[in-house]
Amino acid sequence: LPGTRNRWPGPATIRSRCGTAADRLEPLDGPAPEPALPAEVTSADGEEVTVAAADRVVPLSGSLAEIVWTLGLGDRVVARDVTATFEEAAELPVVTRGHEVSAESVLSLRPDVVLVEDSTGPVEAIDQIRAAGVPLVVFETPRELDAVTGRIEAVAAALGVTEAGERLVDRTEQRLDTARAAIPREGEPPRVAFLYLRGTAGVYLLGGAGSGATSLIEAAGGVDAGAESGLDKDFTPITSEALAAAAPDVILVMTKGLTSVGGVDGLLEIPGIAETPAGMDRRVAAVDDGVLLNYGPRTDEVLASLTEQIHAGAAEAR
């Protein structure tokens, strides 16, 4: 009918190249690399760390775990944190309580090396692991697409598998280039608002310039509506005023967050969302929690999925 907005069919989760849900990894081809150790590296917090063995590895973020596994060293991983949600890690013991590291749980597994991000905490747990004499390497938390290759190289260097790291960087760059080639270049770029939702905990946040999603949204041919509207922090509570200023054409969420509010219908009940262009058109993009902001070996799949979702229905909506 004239004046009636078309309804977009809804979000889809990221899919792997084999057509199944992307909860499995794709290690490098060929035999698993043999670490050349000791490796001496400078941790992101300035500490000089010597990694003498890598038979028992504990990566304390889903992103780091994904890189270790994809390098071909998954059989050396002896624990995971709650953000390592891919299938291969499912049976490993969890050594975090919520998102906080349990030093006692980590140390009980007698790790040769522990890998953490600069956002991993609490600080007391990190200090306790180091005080026990365990080599612990800190990596910067990735915030943009350009961090992908350097991050792979840094993890590979810490584990003594630099050649495998180079091969994984080459593969990742090729796949990112393929994903970029499919990004639409014509017309107005869609304004995308990244929302962090945990309905069961009453957490409803709008992402700004520090959310970590800006680079990915821009790479997919969109505009980060929160950052562009002047939100320079990572997240701010969702308000009708903030949503009106952002005026998103598309809302980006993590799949668990969308589920936690009751799907798209529940999302539209959050004050202010139904009145945005995205809400009126029901244009919602959803990507799995475990990969969206990992900036690692599967980021090409995230970019391809996000590109498809944020540009879907654009012509009809206009």
# chains A, B, ... in the order shown; residues from 1 in each chain; ligands from 1
$ closest_atom_pairs --of "segment 174-286 of chain A" --to "segment 128-151 of chain A" --cutoff "10 Å" --atoms "only C-alpha atoms" --output "Markdown table"
| residue | atom | partner | partner_atom | distance |
| --- | --- | --- | --- | --- |
| A:Leu176 | CA | A:Leu145 | CA | 9.7 |
| A:Ala209 | CA | A:Arg143 | CA | 10.0 |
| A:Gly210 | CA | A:Arg143 | CA | 7.7 |
| A:Ser211 | CA | A:Arg143 | CA | 7.6 |
| A:Gly212 | CA | A:Arg143 | CA | 4.4 |
| A:Ala213 | CA | A:Glu144 | CA | 7.4 |
| A:Thr214 | CA | A:Glu144 | CA | 7.4 |
| A:Ser215 | CA | A:Glu144 | CA | 5.0 |
| A:Leu216 | CA | A:Leu145 | CA | 6.2 |
| A:Ile217 | CA | A:Leu145 | CA | 9.8 |
| A:Glu218 | CA | A:Leu145 | CA | 9.7 |
| A:Ala219 | CA | A:Leu145 | CA | 7.9 |
$ write_last_selection --atoms "N, CA and C atoms" --output "PDB file, in the first residue's frame"
ATOM      1  N   LEU A 176      39.363 -11.675   3.994  1.00  0.00           N
ATOM      2  CA  LEU A 176      38.835 -10.336   4.255  1.00  0.00           C
ATOM      3  C   LEU A 176      38.718  -9.542   2.957  1.00  0.00           C
ATOM      4  N   ALA A 209      31.587   5.406  20.162  1.00  0.00           N
ATOM      5  CA  ALA A 209      32.849   5.294  19.446  1.00  0.00           C
ATOM      6  C   ALA A 209      33.791   4.262  20.048  1.00  0.00           C
ATOM      7  N   GLY A 210      33.641   3.954  21.334  1.00  0.00           N
ATOM      8  CA  GLY A 210      34.541   3.009  21.978  1.00  0.00           C
ATOM      9  C   GLY A 210      33.990   1.608  22.118  1.00  0.00           C
ATOM     10  N   SER A 211      32.895   1.298  21.447  1.00  0.00           N
ATOM     11  CA  SER A 211      32.244  -0.002  21.632  1.00  0.00           C
ATOM     12  C   SER A 211      33.016  -1.150  20.998  1.00  0.00           C
ATOM     13  N   GLY A 212      33.861  -0.843  20.021  1.00  0.00           N
ATOM     14  CA  GLY A 212      34.558  -1.888  19.284  1.00  0.00           C
ATOM     15  C   GLY A 212      33.868  -2.280  17.991  1.00  0.00           C
ATOM     16  N   ALA A 213      32.655  -1.770  17.782  1.00  0.00           N
ATOM     17  CA  ALA A 213      31.905  -2.152  16.585  1.00  0.00           C
ATOM     18  C   ALA A 213      32.052  -1.152  15.445  1.00  0.00           C
ATOM     19  N   THR A 214      32.547   0.050  15.726  1.00  0.00           N
ATOM     20  CA  THR A 214      32.596   1.098  14.696  1.00  0.00           C
ATOM     21  C   THR A 214      33.361   0.663  13.459  1.00  0.00           C
ATOM     22  N   SER A 215      34.561   0.126  13.648  1.00  0.00           N
ATOM     23  CA  SER A 215      35.397  -0.293  12.520  1.00  0.00           C
ATOM     24  C   SER A 215      34.706  -1.345  11.667  1.00  0.00           C
ATOM     25  N   LEU A 216      34.036  -2.284  12.316  1.00  0.00           N
ATOM     26  CA  LEU A 216      33.359  -3.358  11.597  1.00  0.00           C
ATOM     27  C   LEU A 216      32.167  -2.818  10.810  1.00  0.00           C
ATOM     28  N   ILE A 217      31.397  -1.941  11.424  1.00  0.00           N
ATOM     29  CA  ILE A 217      30.243  -1.347  10.747  1.00  0.00           C
ATOM     30  C   ILE A 217      30.701  -0.559   9.516  1.00  0.00           C
ATOM     31  N   GLU A 218      31.754   0.227   9.690  1.00  0.00           N
ATOM     32  CA  GLU A 218      32.256   1.022   8.569  1.00  0.00           C
ATOM     33  C   GLU A 218      32.817   0.135   7.460  1.00  0.00           C
ATOM     34  N   ALA A 219      33.497  -0.945   7.854  1.00  0.00           N
ATOM     35  CA  ALA A 219      34.045  -1.860   6.853  1.00  0.00           C
ATOM     36  C   ALA A 219      32.937  -2.527   6.052  1.00  0.00           C
TER      37      ALA A 219
END
$ residues_around --residues "segment 54-58 of chain A" --least-positions-apart "2" --cutoff "9 Å" --atoms "only C-alpha atoms" --output "list in words"
Pro35, Leu37, Val51, Ala52, Leu60, Ala65, Val68, Leu73, Gly74, Asp75, Arg76, Val77, Val78, Ala79, Arg80, Asp81, Val106, Leu109, Arg110, Pro111, Asp112, Val113, Val114, Leu115, Val116, Leu159 and Gly160 of chain A
$ select_by_dssp --residues "segment 50-118 of chain A" --states "helix (DSSP H, G or I)" --output "list of chain:residue names"
A:Gly62, A:Ser63, A:Leu64, A:Ala65, A:Glu66, A:Ile67, A:Val68, A:Trp69, A:Thr70, A:Leu71, A:Gly72, A:Leu73, A:Gly74, A:Asp75, A:Arg76, A:Glu87, A:Glu88, A:Ala89, A:Ala103, A:Glu104, A:Ser105, A:Val106, A:Leu107, A:Ser108
$ residues_around --residues "Ala157 of chain A" --least-positions-apart "5" --cutoff "10 Å" --atoms "only C-alpha atoms" --output "mmCIF file with all heavy atoms, in the first residue's frame"
data_model
loop_
_atom_site.group_PDB
_atom_site.id
_atom_site.type_symbol
_atom_site.label_atom_id
_atom_site.label_comp_id
_atom_site.auth_asym_id
_atom_site.auth_seq_id
_atom_site.Cartn_x
_atom_site.Cartn_y
_atom_site.Cartn_z
ATOM 1 N N PRO A 35 55.806 -25.984 18.267
ATOM 2 C CA PRO A 35 56.364 -24.729 18.786
ATOM 3 C C PRO A 35 57.883 -24.762 18.899
ATOM 4 O O PRO A 35 58.460 -25.744 19.384
ATOM 5 C CB PRO A 35 55.712 -24.605 20.160
ATOM 6 C CG PRO A 35 54.439 -25.381 20.056
ATOM 7 C CD PRO A 35 54.765 -26.537 19.153
ATOM 8 N N ALA A 36 58.525 -23.686 18.416
ATOM 9 C CA ALA A 36 59.966 -23.509 18.558
ATOM 10 C C ALA A 36 60.195 -22.637 19.792
ATOM 11 O O ALA A 36 60.036 -21.410 19.738
ATOM 12 C CB ALA A 36 60.543 -22.854 17.309
ATOM 13 N N LEU A 37 60.527 -23.256 20.896
ATOM 14 C CA LEU A 37 60.638 -22.558 22.169
ATOM 15 C C LEU A 37 62.031 -22.749 22.754
ATOM 16 O O LEU A 37 62.740 -23.705 22.403
ATOM 17 C CB LEU A 37 59.568 -23.089 23.133
ATOM 18 C CG LEU A 37 58.121 -22.897 22.660
ATOM 19 C CD1 LEU A 37 57.157 -23.650 23.560
ATOM 20 C CD2 LEU A 37 57.768 -21.409 22.635
ATOM 21 N N ALA A 39 60.361 -18.885 23.591
ATOM 22 C CA ALA A 39 60.025 -17.662 22.874
ATOM 23 C C ALA A 39 60.050 -16.509 23.875
ATOM 24 O O ALA A 39 59.483 -16.618 24.967
ATOM 25 C CB ALA A 39 58.641 -17.777 22.240
ATOM 26 N N GLU A 40 60.700 -15.438 23.506
ATOM 27 C CA GLU A 40 60.764 -14.257 24.364
ATOM 28 C C GLU A 40 59.945 -13.143 23.716
ATOM 29 O O GLU A 40 60.226 -12.736 22.595
ATOM 30 C CB GLU A 40 62.213 -13.821 24.573
ATOM 31 C CG GLU A 40 63.055 -14.866 25.300
ATOM 32 C CD GLU A 40 64.468 -14.400 25.558
ATOM 33 O OE1 GLU A 40 64.807 -13.276 25.124
ATOM 34 O OE2 GLU A 40 65.233 -15.151 26.196
ATOM 35 N N VAL A 41 58.920 -12.679 24.444
ATOM 36 C CA VAL A 41 58.010 -11.673 23.899
ATOM 37 C C VAL A 41 57.783 -10.570 24.916
ATOM 38 O O VAL A 41 57.963 -10.760 26.126
ATOM 39 C CB VAL A 41 56.653 -12.298 23.502
ATOM 40 C CG1 VAL A 41 56.829 -13.295 22.372
ATOM 41 C CG2 VAL A 41 55.986 -12.969 24.697
ATOM 42 N N VAL A 51 58.429 -17.782 27.262
ATOM 43 C CA VAL A 51 57.566 -18.960 27.196
ATOM 44 C C VAL A 51 58.466 -20.150 26.855
ATOM 45 O O VAL A 51 58.989 -20.255 25.754
ATOM 46 C CB VAL A 51 56.458 -18.795 26.133
ATOM 47 C CG1 VAL A 51 55.592 -20.048 26.075
ATOM 48 C CG2 VAL A 51 55.609 -17.564 26.431
ATOM 49 N N ARG A 151 47.336 -9.191 15.739
ATOM 50 C CA ARG A 151 46.946 -10.027 16.877
ATOM 51 C C ARG A 151 47.302 -11.495 16.619
ATOM 52 O O ARG A 151 47.823 -12.182 17.502
ATOM 53 C CB ARG A 151 45.442 -9.862 17.103
ATOM 54 C CG ARG A 151 44.881 -10.519 18.338
ATOM 55 C CD ARG A 151 43.465 -10.012 18.489
ATOM 56 N NE ARG A 151 42.745 -10.734 19.501
ATOM 57 C CZ ARG A 151 42.823 -10.482 20.803
ATOM 58 N NH1 ARG A 151 43.641 -9.551 21.243
ATOM 59 N NH2 ARG A 151 42.101 -11.154 21.674
ATOM 60 N N ILE A 152 47.029 -11.966 15.419
ATOM 61 C CA ILE A 152 47.394 -13.342 15.062
ATOM 62 C C ILE A 152 48.902 -13.521 15.176
ATOM 63 O O ILE A 152 49.399 -14.507 15.734
ATOM 64 C CB ILE A 152 46.897 -13.679 13.648
ATOM 65 C CG1 ILE A 152 45.365 -13.745 13.619
ATOM 66 C CG2 ILE A 152 47.502 -15.004 13.163
ATOM 67 C CD1 ILE A 152 44.778 -13.863 12.220
ATOM 68 N N THR A 162 55.664 -18.992 14.596
ATOM 69 C CA THR A 162 55.591 -17.809 13.740
ATOM 70 C C THR A 162 55.244 -18.152 12.293
ATOM 71 O O THR A 162 54.527 -17.405 11.625
ATOM 72 C CB THR A 162 56.915 -17.033 13.779
ATOM 73 O OG1 THR A 162 58.002 -17.911 13.434
ATOM 74 C CG2 THR A 162 57.160 -16.455 15.159
ATOM 75 N N GLU A 163 55.731 -19.282 11.778
ATOM 76 C CA GLU A 163 55.433 -19.646 10.394
ATOM 77 C C GLU A 163 53.947 -19.934 10.219
ATOM 78 O O GLU A 163 53.325 -19.508 9.229
ATOM 79 C CB GLU A 163 56.264 -20.868 9.983
ATOM 80 C CG GLU A 163 56.219 -21.186 8.497
ATOM 81 C CD GLU A 163 55.035 -22.074 8.108
ATOM 82 O OE1 GLU A 163 54.529 -22.805 8.981
ATOM 83 O OE2 GLU A 163 54.609 -22.022 6.927
ATOM 84 N N ALA A 164 53.362 -20.625 11.188
ATOM 85 C CA ALA A 164 51.912 -20.869 11.147
ATOM 86 C C ALA A 164 51.160 -19.547 11.239
ATOM 87 O O ALA A 164 50.122 -19.357 10.592
ATOM 88 C CB ALA A 164 51.503 -21.803 12.276
ATOM 89 N N GLY A 165 51.685 -18.625 12.042
ATOM 90 C CA GLY A 165 51.062 -17.314 12.146
ATOM 91 C C GLY A 165 51.055 -16.578 10.823
ATOM 92 O O GLY A 165 50.054 -15.956 10.438
ATOM 93 N N GLU A 166 52.162 -16.664 10.091
ATOM 94 C CA GLU A 166 52.236 -16.014 8.786
ATOM 95 C C GLU A 166 51.236 -16.629 7.816
ATOM 96 O O GLU A 166 50.584 -15.916 7.040
ATOM 97 C CB GLU A 166 53.659 -16.142 8.233
ATOM 98 C CG GLU A 166 54.689 -15.326 9.014
ATOM 99 C CD GLU A 166 56.114 -15.675 8.620
ATOM 100 O OE1 GLU A 166 56.292 -16.573 7.752
ATOM 101 O OE2 GLU A 166 57.044 -15.062 9.176
#
$ residues_around --residues "Pro122 of chain A" --least-positions-apart "6" --cutoff "10 Å" --atoms "only C-alpha atoms" --output "PyMOL selection string"
chain A and resi 99-103
$ write_last_selection --atoms "N, CA, C and O atoms" --output "mmCIF file, in the first residue's frame"
data_model
loop_
_atom_site.group_PDB
_atom_site.id
_atom_site.type_symbol
_atom_site.label_atom_id
_atom_site.label_comp_id
_atom_site.auth_asym_id
_atom_site.auth_seq_id
_atom_site.Cartn_x
_atom_site.Cartn_y
_atom_site.Cartn_z
ATOM 1 N N HIS A 99 32.647 -13.204 34.272
ATOM 2 C CA HIS A 99 33.735 -12.802 33.376
ATOM 3 C C HIS A 99 35.015 -12.540 34.149
ATOM 4 O O HIS A 99 35.938 -11.918 33.619
ATOM 5 N N GLU A 100 35.103 -13.028 35.378
ATOM 6 C CA GLU A 100 36.299 -12.813 36.180
ATOM 7 C C GLU A 100 37.090 -14.106 36.315
ATOM 8 O O GLU A 100 36.538 -15.181 36.559
ATOM 9 N N VAL A 101 38.398 -13.979 36.185
ATOM 10 C CA VAL A 101 39.285 -15.133 36.227
ATOM 11 C C VAL A 101 39.419 -15.665 37.650
ATOM 12 O O VAL A 101 39.557 -14.896 38.600
ATOM 13 N N SER A 102 39.385 -16.976 37.772
ATOM 14 C CA SER A 102 39.687 -17.625 39.049
ATOM 15 C C SER A 102 41.128 -18.118 38.987
ATOM 16 O O SER A 102 41.426 -19.096 38.288
ATOM 17 N N ALA A 103 42.025 -17.422 39.692
ATOM 18 C CA ALA A 103 43.438 -17.805 39.664
ATOM 19 C C ALA A 103 43.632 -19.226 40.170
ATOM 20 O O ALA A 103 44.451 -19.986 39.631
#
$ closest_atom_pairs --of "segment 150-205 of chain A" --to "segment 236-250 of chain A" --cutoff "12 Å" --atoms "only C-alpha atoms" --output "JSON lines"
{"residue": "A:Glu188", "atom": "CA", "partner": "A:Asp249", "partner_atom": "CA", "distance": 10.7}
{"residue": "A:Pro189", "atom": "CA", "partner": "A:Asp249", "partner_atom": "CA", "distance": 9.4}
{"residue": "A:Pro190", "atom": "CA", "partner": "A:Asp249", "partner_atom": "CA", "distance": 5.7}
{"residue": "A:Arg191", "atom": "CA", "partner": "A:Pro248", "partner_atom": "CA", "distance": 4.8}
{"residue": "A:Val192", "atom": "CA", "partner": "A:Val250", "partner_atom": "CA", "distance": 4.8}
{"residue": "A:Ala193", "atom": "CA", "partner": "A:Pro248", "partner_atom": "CA", "distance": 5.6}
{"residue": "A:Phe194", "atom": "CA", "partner": "A:Val250", "partner_atom": "CA", "distance": 8.8}
{"residue": "A:Leu195", "atom": "CA", "partner": "A:Ile238", "partner_atom": "CA", "distance": 8.3}
{"residue": "A:Tyr196", "atom": "CA", "partner": "A:Ile238", "partner_atom": "CA", "distance": 9.4}
{"residue": "A:Leu197", "atom": "CA", "partner": "A:Ile238", "partner_atom": "CA", "distance": 9.8}
{"residue": "A:Gly202", "atom": "CA", "partner": "A:Pro237", "partner_atom": "CA", "distance": 10.6}
{"residue": "A:Val203", "atom": "CA", "partner": "A:Pro237", "partner_atom": "CA", "distance": 8.1}
{"residue": "A:Tyr204", "atom": "CA", "partner": "A:Ile238", "partner_atom": "CA", "distance": 5.8}
{"residue": "A:Leu205", "atom": "CA", "partner": "A:Pro237", "partner_atom": "CA", "distance": 4.5}
$ write_last_selection --atoms "N, CA and C atoms" --output "short mmCIF file (atom, residue, chain, number, x, y, z; two decimals), in the first residue's frame"
data_model
loop_
_atom_site.label_atom_id
_atom_site.label_comp_id
_atom_site.auth_asym_id
_atom_site.auth_seq_id
_atom_site.Cartn_x
_atom_site.Cartn_y
_atom_site.Cartn_z
N GLU A 188 23.23 5.78 -0.21
CA GLU A 188 23.57 6.26 1.12
C GLU A 188 23.92 5.07 2.03
N PRO A 189 25.02 5.15 2.76
CA PRO A 189 25.35 4.04 3.68
C PRO A 189 24.33 3.97 4.81
N PRO A 190 23.89 2.78 5.18
CA PRO A 190 22.93 2.66 6.26
C PRO A 190 23.53 3.07 7.60
N ARG A 191 22.73 3.73 8.41
CA ARG A 191 23.14 4.11 9.76
C ARG A 191 22.83 2.92 10.68
N VAL A 192 23.86 2.42 11.35
CA VAL A 192 23.73 1.19 12.15
C VAL A 192 24.01 1.50 13.61
N ALA A 193 23.06 1.18 14.47
CA ALA A 193 23.24 1.36 15.92
C ALA A 193 23.52 0.00 16.55
N PHE A 194 24.65 -0.10 17.25
CA PHE A 194 25.00 -1.34 17.94
C PHE A 194 24.44 -1.28 19.35
N LEU A 195 23.58 -2.24 19.67
CA LEU A 195 22.98 -2.30 21.00
C LEU A 195 23.51 -3.52 21.75
N TYR A 196 23.88 -3.31 23.01
CA TYR A 196 24.26 -4.43 23.87
C TYR A 196 23.08 -4.67 24.81
N LEU A 197 22.50 -5.87 24.70
CA LEU A 197 21.27 -6.18 25.43
C LEU A 197 21.45 -7.41 26.30
N GLY A 202 18.36 -6.65 32.81
CA GLY A 202 17.93 -5.27 32.67
C GLY A 202 19.01 -4.37 32.12
N VAL A 203 19.87 -4.91 31.24
CA VAL A 203 20.96 -4.12 30.66
C VAL A 203 20.60 -3.78 29.21
N TYR A 204 20.47 -2.48 28.93
CA TYR A 204 20.12 -2.01 27.59
C TYR A 204 21.04 -0.84 27.26
N LEU A 205 22.03 -1.08 26.40
CA LEU A 205 23.07 -0.08 26.14
C LEU A 205 23.20 0.20 24.64
#
$ atom_distance --atom1 "atom CA of Ala90 of chain A" --atom2 "atom CA of Pro297 of chain A"
18.9 Å
$ closest_residue --among "A:Gly257, A:Gly279, A:Gly187, A:Gly221" --to "Ala201 of chain A" --atoms "only C-alpha atoms"
A:Gly257
$ closest_residue --among "A:Gly208, A:Val49, A:Val82, A:Pro93" --to "Asp224 of chain A" --atoms "only C-alpha atoms"
A:Gly208
$ closest_residue --among "A:Ser229, A:Ser63, A:Thr96, A:Ser108" --to "Leu293 of chain A" --atoms "only C-alpha atoms"
A:Ser63
$ atom_distance --atom1 "atom CA of Met254 of chain A" --atom2 "atom CA of Leu168 of chain A"
26.2 Å
$ select_by_dssp --residues "segment 68-294 of chain A" --states "strand (DSSP E)" --output "number ranges by chain"
A: 96-97, 100-101, 113-117, 136-139, 191-198, 203-207, 223-224, 235-237, 250-254, 284-287
$ closest_residue --among "A:Thr276, A:Gly290, A:Gly46, A:Arg198" --to "Glu87 of chain A" --atoms "only C-alpha atoms"
A:Gly290
$ closest_residue --among "A:Asp23, A:Glu153, A:Asp118, A:Asp45" --to "Ser61 of chain A" --atoms "only C-alpha atoms"
A:Asp118
$ atom_distance --atom1 "atom CA of Ala312 of chain A" --atom2 "atom CA of Gln174 of chain A"
24.6 Å
$ closest_residue --among "A:Ser260, A:Arg97, A:Arg298, A:Arg282" --to "Trp69 of chain A" --atoms "only C-alpha atoms"
A:Arg298
